[in-house]
file upload.pdb (PDB, C-alpha atoms and all ligand atoms)
ATOM      1  CA  MET A 260      49.383  24.726 -59.266  1.00  0.00           C
ATOM      2  CA  THR A 261      47.828  27.697 -57.602  1.00  0.00           C
ATOM      3  CA  ALA A 262      47.506  31.170 -59.023  1.00  0.00           C
ATOM      4  CA  ALA A 263      50.052  33.671 -57.841  1.00  0.00           C
ATOM      5  CA  ARG A 264      48.906  35.969 -55.108  1.00  0.00           C
ATOM      6  CA  ILE A 265      49.674  39.631 -55.553  1.00  0.00           C
ATOM      7  CA  CYS A 266      50.292  41.829 -52.552  1.00  0.00           C
ATOM      8  CA  ALA A 267      47.700  44.569 -52.271  1.00  0.00           C
ATOM      9  CA  ARG A 268      50.277  46.906 -50.735  1.00  0.00           C
ATOM     10  CA  CYS A 269      53.319  46.554 -52.989  1.00  0.00           C
ATOM     11  CA  GLN A 270      51.891  44.692 -56.014  1.00  0.00           C
ATOM     12  CA  ARG A 271      54.650  42.098 -55.820  1.00  0.00           C
ATOM     13  CA  PRO A 272      53.943  38.385 -56.062  1.00  0.00           C
ATOM     14  CA  ILE A 273      53.730  36.765 -52.647  1.00  0.00           C
ATOM     15  CA  ILE A 274      56.188  33.892 -52.533  1.00  0.00           C
ATOM     16  CA  ASP A 275      55.961  33.173 -48.826  1.00  0.00           C
ATOM     17  CA  THR A 276      53.198  30.797 -47.895  1.00  0.00           C
ATOM     18  CA  ARG A 277      52.399  33.004 -44.938  1.00  0.00           C
ATOM     19  CA  PHE A 278      50.483  36.110 -45.824  1.00  0.00           C
ATOM     20  CA  GLU A 279      47.728  38.322 -44.593  1.00  0.00           C
ATOM     21  CA  THR A 280      44.260  38.236 -46.033  1.00  0.00           C
ATOM     22  CA  ILE A 281      42.603  41.580 -46.351  1.00  0.00           C
ATOM     23  CA  THR A 282      38.863  41.566 -46.472  1.00  0.00           C
ATOM     24  CA  VAL A 283      37.693  44.308 -48.748  1.00  0.00           C
ATOM     25  CA  HIS A 284      34.547  45.986 -47.604  1.00  0.00           C
ATOM     26  CA  SER A 285      32.608  47.389 -50.487  1.00  0.00           C
ATOM     27  CA  SER A 286      28.992  48.239 -51.011  1.00  0.00           C
ATOM     28  CA  SER A 287      28.711  45.839 -53.921  1.00  0.00           C
ATOM     29  CA  GLY A 288      30.262  42.941 -52.041  1.00  0.00           C
ATOM     30  CA  ALA A 289      31.565  41.627 -55.333  1.00  0.00           C
ATOM     31  CA  ARG A 290      35.269  42.075 -54.703  1.00  0.00           C
ATOM     32  CA  PRO A 291      37.169  39.048 -53.444  1.00  0.00           C
ATOM     33  CA  ASP A 292      39.556  39.115 -50.528  1.00  0.00           C
ATOM     34  CA  GLN A 293      42.958  40.560 -51.255  1.00  0.00           C
ATOM     35  CA  HIS A 294      46.276  39.312 -50.002  1.00  0.00           C
ATOM     36  CA  ALA A 295      49.300  41.107 -48.646  1.00  0.00           C
ATOM     37  CA  HIS A 296      52.703  40.333 -47.213  1.00  0.00           C
ATOM     38  CA  ARG A 297      52.850  39.991 -43.488  1.00  0.00           C
ATOM     39  CA  ARG A 298      53.567  43.168 -41.578  1.00  0.00           C
ATOM     40  CA  GLY A 299      57.312  43.710 -41.436  1.00  0.00           C
ATOM     41  CA  ASP A 300      58.067  41.344 -44.300  1.00  0.00           C
ATOM     42  CA  PRO A 301      61.229  42.716 -45.997  1.00  0.00           C
ATOM     43  CA  ALA A 302      59.883  41.475 -49.328  1.00  0.00           C
ATOM     44  CA  CYS A 303      57.078  43.999 -49.091  1.00  0.00           C
ATOM     45  CA  ARG A 304      58.357  47.149 -50.679  1.00  0.00           C
ATOM     46  CA  PRO A 305      57.254  49.277 -53.611  1.00  0.00           C
ATOM     47  CA  ILE A 306      58.332  48.176 -57.061  1.00  0.00           C
ATOM     48  CA  ARG A 307      60.862  50.602 -58.432  1.00  0.00           C
ATOM     49  CA  ALA A 308      60.668  51.889 -61.989  1.00  0.00           C
ATOM     50  CA  SER A 309      63.799  49.912 -62.903  1.00  0.00           C
ATOM     51  CA  GLU A 310      62.064  46.666 -61.980  1.00  0.00           C
ATOM     52  CA  ARG A 311      59.062  47.065 -64.256  1.00  0.00           C
TER      53      ARG A 311
HETATM   54 ZN    ZN B   1      53.796  43.449 -50.164  1.00  0.00          ZN
END

call {"tool": "encode", "arguments": {"input": "upload.pdb", "output": "structure tokens"}}
result
Amino acid sequence: MTAARICARCQRPIIDTRFETITVHSSSGARPDQHAHRRGDPACRPIRASER
């Protein structure tokens, strides 16, 4: 079982096996890559207050 990936853009769990990997450039170099829904994925939308 793999850990759930969280979208860096909308903070929702990424269910689809296809996703984008965002390489985070930082001076420390300590941050791991982040993941995000593919561009245009309807599942990628901000979480509304009622869903928290
Ligand atoms: Zn997303």

call {"tool": "resolve_selection", "arguments": {"input": "upload.pdb", "expression": "the PyMOL selection byres (((not hetatm)) within 7 of (chain B and resi 1))", "output": "list of chain:residue names"}}
result
A:Cys266, A:Ala267, A:Arg268, A:Cys269, A:Gln270, A:Arg271, A:Ala295, A:His296, A:Ala302, A:Cys303, A:Arg304

call {"tool": "atom_distance", "arguments": {"input": "upload.pdb", "atom1": "atom CA of A:Pro291", "atom2": "atom CA of A:Ile265"}}
result
12.7 Å

call {"tool": "atom_distance", "arguments": {"input": "upload.pdb", "atom1": "atom CA of A:Arg298", "atom2": "atom CA of A:Glu279"}}
result
8.2 Å

call {"tool": "atom_distance", "arguments": {"input": "upload.pdb", "atom1": "atom CA of A:Thr280", "atom2": "atom CA of A:His294"}}
result
4.6 Å

call {"tool": "closest_residue", "arguments": {"input": "upload.pdb", "among": "A:Arg311, A:Pro301, A:Ile306, A:Arg264", "to": "A:Phe278", "atoms": "all atoms listed in the file"}}
result
A:Arg264
